[in-house]
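A short worksheet on the structure shown next.
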Number of protein chains: 2
Amino acid sequence: MSNAEASLEHLFRVFTMPEHQDSTLSLIEKNLSDNLSDFLSRHVVAKRHSLEDIERDFADASMPERPEFVSAHAQKLLDTLVAHSVNTYAPTFIGHMTSALPYFHLSLSKLLVGLNQNLVKIETSKAFTPLERQVLGMMHHMVFSNETSFYDEYLHSAQHSLGAFCSGGTVANMTALWVARNAKLAPKLGFKGVSQEGIFAAYKAYEITDLGIICSPRAHYSVGKAVDLLGVGRKNILHNSDSNHSLTPDEALKIGRQFQAEGKDILAIVGIAGTTETGHIDPLDELADVAQELGCWFHVDAAWGGATLFSNTHKVKMRGIERADSVTLDAHKQMYVPMGAGMALFKDAHAANAVRHHAQYILRQGSKDLGATTLEGSRNGMAMMVYSSLHILGREGYELLIDQSIDKAQQFASMIEDDDEFELITYPELSLLTYRYVPAEAKALLSDPAHYRSINELLNRLTKAIQKSQREAGRSFVSRTRFEVNKYPDDVLTVFRVVIANPLTTVNHLRDILAEQKNIAVQTEAYQALMNFVTQTMATSAVGYR
Amino acid sequence: MSNAEASLEHLFRVFTMPEHQDSTLSLIEKNLSDNLSDFLSRHVVAKRHSLEDIERDFADASMPERPEFVSAHAQKLLDTLVAHSVNTYAPTFIGHMTSALPYFHLSLSKLLVGLNQNLVKIETSKAFTPLERQVLGMMHHMVFSNETSFYDEYLHSAQHSLGAFCSGGTVANMTALWVARNAKLAPKLGFKGVSQEGIFAAYKAYEITDLGIICSPRAHYSVGKAVDLLGVGRKNILHNSDSNHSLTPDEALKIGRQFQAEGKDILAIVGIAGTTETGHIDPLDELADVAQELGCWFHVDAAWGGATLFSNTHKVKMRGIERADSVTLDAHKQMYVPMGAGMALFKDAHAANAVRHHAQYILRQGSKDLGATTLEGSRNGMAMMVYSSLHILGREGYELLIDQSIDKAQQFASMIEDDDEFELITYPELSLLTYRYVPAEAKALLSDPAHYRSINELLNRLTKAIQKSQREAGRSFVSRTRFEVNKYPDDVLTVFRVVIANPLTTVNHLRDILAEQKNIAVQTEAYQALMNFVTQTMATSAVGYR
């Protein structure tokens, strides 16, 4: 590759001169604008490429010495990076929570980078700070429905914050539990608070030896990261034992009472509004009662399900979320905003002050700088993407998106239930569902207590084999996960996990995916192993009956 | 504003149809591409607008019900948001660490959003994961200069990670200290580690009552946030007392030894390579010795100064950084990448395993998913911006940028020193400097032990007044901060803080800024107050001499 020259003139051009209209980068941009879906279909190479092959293009740790021409570099990006990316626009990629985005985000992203504001403080963001506060206010209003006077008082108040905008749900969960921890271990006579003195001194001051977090086994792994980070310890995550994919209020109360009786206390109940694996929603209203009884914080992780509140049809499923002390939302999931738009919302406008901090050169006392109560420091103006989406789609637009996703997921569930060769594992309470491929011959043995474990083990291998082949073939993608279900006690099942998020996905796409999976299944070794076992078992049973 | 219709057809268009070439959003994009600097000059309104005025446009917490046309919304963004943003391209805005960006980032940002990959796991990022690993490897190599065989072994290893890409320096510092804490309070006989058991149990297992962090008073405020978050407690940040803007090894050792003698231990020394306020670099090599003696972690916060390593002329200032256990870098500072590109690098490829975590549906054991050792979860492909910048600018290009920034800062310092009406407070070790306006008449009294405090107090007010007026006038911007300096014992000075980062800033711009400040100064009430005091004091002294 020919090298550009490292001169001040060259640098000045790189900072000030736009590309020629016919440069490679300009052409990429034009193609993106003209038809993104087509661009991705043409450039993202679907065929098999091993990770090791791809890694070969990104193996050199030495720093490039000489500059490169922009066009040459752009061509390299197309060949080595774009070609081996994931086509998130593809309507048959229904395995993850990222999907096609509205077109206007392409242009807005350019505006965002052109402006390059820093939301940590008003001096480097100006109107972006009020805008971010308004976005937090709108989302707060959607969740908590406070009176107008509440928002008039707090939306732009320097001493208050309705939430924290952040890079994603993980940081949002951490922020919420950080606030909860600092509120629980607050300053009191003879103790300056956990923020100042740390956890060791705090537990001594409050005469406890542990703080527990109650949540279902379906809680996002970021809850574990949060309690690790916060010094609370992963062993203090208290799961309920039943495996119906949600947290039962009775068991939550029992767990909490027992923990409290042991000289420990409960930091928080984490209710989930749309689990990552199955889309289940915990009984939020009842859990709010339990949190009240235990005297602990109530956090709701609605990273996935929060957008359900846009739908007048389905928002009833979220009943009780308005009683949460804090709520996590991810606009880059069901709000179709580019990656990097998480939010932690606080019911009480004073709550975030438990983590307020200042510095001499920014975040001064009394300033409206948003960075004073956020976990992150410098942040970009991603709130603009949420702001624009809220306005361009409107609540009604989002309602349509949510409703059609859930509708399609339910249709897909029916399709699976109606098919002899599939087993629906979890029904889509929202637009997530799990299922697996089970040959009709194996189904009979699944209801036999003597055989279901062996069959499940073989099915687990088969599910994994199908999922990997399907992913590598590159035409479609479902993800997979593992969990226990009540139907098969003490067994851990490997299942296909489907997230209906892409509005471009049709029922026909879903039908094709099932057909493809059947096709792949019979070609796998795991299928042969399963069928051999089934045949042998049937034969043995027949011998037994003789 | 006329509303669009919430229909599935409308939604489908929003997801699939590009804007017409003559739509408002397309025109914004075209203007951004044709001449960003001109676009910002025309649209960012420089004149005074009070924050309260701006807030009025972002005051409504109710959710928009109906959709809006994209063009209408784009016009609203121009009028209410862009108009009241900060023009980060303006060469006279030398107060913060964000500046003009190379043009190609505009196009790349569009590509990034178009691809919308999620770096938490390979399944949703594919080639982006190897790319991010390579970027981390390149930066690791620049800092630690390990042998090629080291990178061959670890760059793409599923069991190792050379660092964590994150949203910014704050999260990078938190990640580094999280790893340090978990390494310090590691599992041992009868104790499962702080990650599992929490800090209270950990301190008991290790028989300590506190963990301290040693750093200079110039450390970034994120160090305080990190120890709060990690449950270590802000009171355990141990500052040296002298105010020469850096951490002296002798005092660090003394502080550490004393703390250890009290039944406590030292978690880490945090050396700073380019403080946020003055750009000073701690004596890293000597601090590495002290960390070794104390048996603690050595973290270097090089968020600002790390890019100095590109310069063969100036990298000697960073001597010792290669001995750090972890290093924070921000590519969105002196590497001219859009906001959101922080990195925590680990010298030891095994280090990050202290915070490794897994989940059933992603981050499985043995996968190369980058999310297994990061604080954040879902992340976008910002590493591509760093990758492209490294290639398009090359080390030589970055060297030129760094060298000319430091050179201009030194010229600016000379200009200030040569001017009777300014006082240079800190000399630019990198491209940051602080100074203040001091009328010649007041200078004489500053050297008088009987009067310097009163004068400094009046000067502090004057500096603040000038900085605010200058910011509000909108032609130029310097920031301000407050700290102690050895020259005026026990006094806290308010000073102008200048960051020379924008390559478009010329020496003439700097000259104009000084002229503007002189002009503003004499129009302030604070100036009158100062001069009255000076006149009276001189008169009284004259009386005294009579």
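Every chain in the structure tokens takes a letter, A first, then B, and so on in the order presented; its residues are numbered from 1, and the ligands are numbered from 1 following the presented order.
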
DSSP on the backbone: what in range 186-399 of chain A comes out alpha helix (DSSP H), as a PyMOL selection string? chain A and resi 194-205+221-229+249-261+284-294+383-399

Near range 385-390 of chain B, within 7 Å and counting only C-alpha atoms, which residues show up once chain neighbours fewer than 6 positions away are dropped, as an MDAnalysis selection string? (chainID A and resid 64) or (chainID B and resid 105 135 331 337)

Please save N, CA and C atoms of the selected residues as a short mmCIF file (atom, residue, chain, number, x, y, z; two decimals), in the first residue's frame.
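The resulting part-v6.cif:
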data_model
loop_
_atom_site.label_atom_id
_atom_site.label_comp_id
_atom_site.auth_asym_id
_atom_site.auth_seq_id
_atom_site.Cartn_x
_atom_site.Cartn_y
_atom_site.Cartn_z
N PRO A 64 1.61 1.40 12.90
CA PRO A 64 1.99 1.83 11.55
C PRO A 64 2.81 3.12 11.65
N HIS B 105 -13.57 11.04 10.06
CA HIS B 105 -14.41 10.49 11.13
C HIS B 105 -15.90 10.69 10.86
N VAL B 135 -6.12 -3.23 18.11
CA VAL B 135 -5.93 -1.85 18.57
C VAL B 135 -5.36 -1.86 19.99
N ALA B 331 -8.33 7.88 23.56
CA ALA B 331 -8.07 8.22 22.15
C ALA B 331 -8.88 9.45 21.72
N VAL B 337 -9.95 11.29 18.05
CA VAL B 337 -11.00 10.34 17.71
C VAL B 337 -12.27 10.89 18.37
#

Residue neighbourhood range 437-445 of chain A, 10 Å, only C-alpha atoms, exclusion window fewer than 2 positions, as an MDAnalysis selection string: chainID A and resid 416 419:424 435 447:456 459:460 462:463 466 495:496 514 517:518 521:522 527 530:531 533:535 537:538

With only C-alpha atoms as the atoms that count, which of B:Leu211, B:Ala4, B:Leu393, B:Ala351 lies nearest to chain A? B:Leu393

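By chain and then residue number, the residues within 7 Å of range 478-488 of chain A are Phe93, Ile94, Gly95, His96, Ser243, Asn244, Gln467, Val492, Leu493, Thr494, Val495, Phe496, Arg497 and Val498 of chain A; Gln360 and Tyr361 of chain B, counting only C-alpha atoms and disregarding those fewer than 4 positions away in sequence.
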
Please measure the separation of CA of Arg133 in chain A and CA of Phe69 in chain B, giving the value in Å to one decimal.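 Spanning CA of Arg133 in chain A to CA of Phe69 in chain B is a straight-line distance of 23.3 Å.
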
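The residues of range 215-356 of chain A that DSSP classifies as strand (DSSP E or B), using the backbone of this structure, are Cys215, Ile237, Leu238, His239, Asp265, Ile266, Leu267, Ala268, Ile269, Val270, Gly271, Ile272, Ala273, Ile281, Trp297, Phe298, His299, Val300, Asp301, Ser326, Val327, Thr328, Leu329, Asp330, Gly342, Met343, Ala344, Leu345 and Phe346 of chain A.
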
Rounded to one decimal, what separation in Å do you get between CA of Ile199 in chain B and CA of Ala186 in chain B? 11.0 Å

Report as a ChimeraX atom specification all protein, DNA and RNA residues lying within 7 Å of range 161-164 of chain A, evaluated on only C-alpha atoms, omitting residues in the same chain fewer than 5 positions from it. /A:136-137,140,155,343-346,349-350,352,374

Quick one: write out the picked residues with N, CA and C atoms as a short mmCIF file (atom, residue, chain, number, x, y, z; two decimals), in the first residue's frame?
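Output saved as again_30.cif:
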data_model
loop_
_atom_site.label_atom_id
_atom_site.label_comp_id
_atom_site.auth_asym_id
_atom_site.auth_seq_id
_atom_site.Cartn_x
_atom_site.Cartn_y
_atom_site.Cartn_z
N LEU A 136 -34.17 12.46 29.71
CA LEU A 136 -34.31 11.73 30.98
C LEU A 136 -35.68 12.01 31.60
N GLY A 137 -36.13 13.24 31.49
CA GLY A 137 -37.44 13.62 32.02
C GLY A 137 -38.58 12.90 31.31
N HIS A 140 -38.52 9.36 32.35
CA HIS A 140 -38.97 9.32 33.74
C HIS A 140 -40.49 9.42 33.80
N LEU A 155 -36.61 19.01 36.52
CA LEU A 155 -35.99 18.66 35.23
C LEU A 155 -34.65 19.38 35.01
N MET A 343 -29.80 4.19 30.19
CA MET A 343 -30.27 5.17 31.17
C MET A 343 -30.59 4.49 32.49
N ALA A 344 -30.19 5.14 33.59
CA ALA A 344 -30.68 4.74 34.91
C ALA A 344 -31.58 5.88 35.37
N LEU A 345 -32.84 5.57 35.66
CA LEU A 345 -33.78 6.60 36.11
C LEU A 345 -34.03 6.43 37.60
N PHE A 346 -34.20 7.56 38.30
CA PHE A 346 -34.47 7.52 39.73
C PHE A 346 -35.82 8.14 40.03
N ALA A 349 -36.02 12.49 42.86
CA ALA A 349 -35.07 13.39 42.19
C ALA A 349 -33.83 13.68 43.03
N HIS A 350 -33.88 13.36 44.33
CA HIS A 350 -32.72 13.59 45.20
C HIS A 350 -31.79 12.37 45.24
N ALA A 352 -29.91 10.50 43.31
CA ALA A 352 -28.57 10.43 42.71
C ALA A 352 -27.55 11.25 43.49
N THR A 374 -22.96 10.98 37.44
CA THR A 374 -22.85 9.83 36.56
C THR A 374 -21.62 9.00 36.90
#
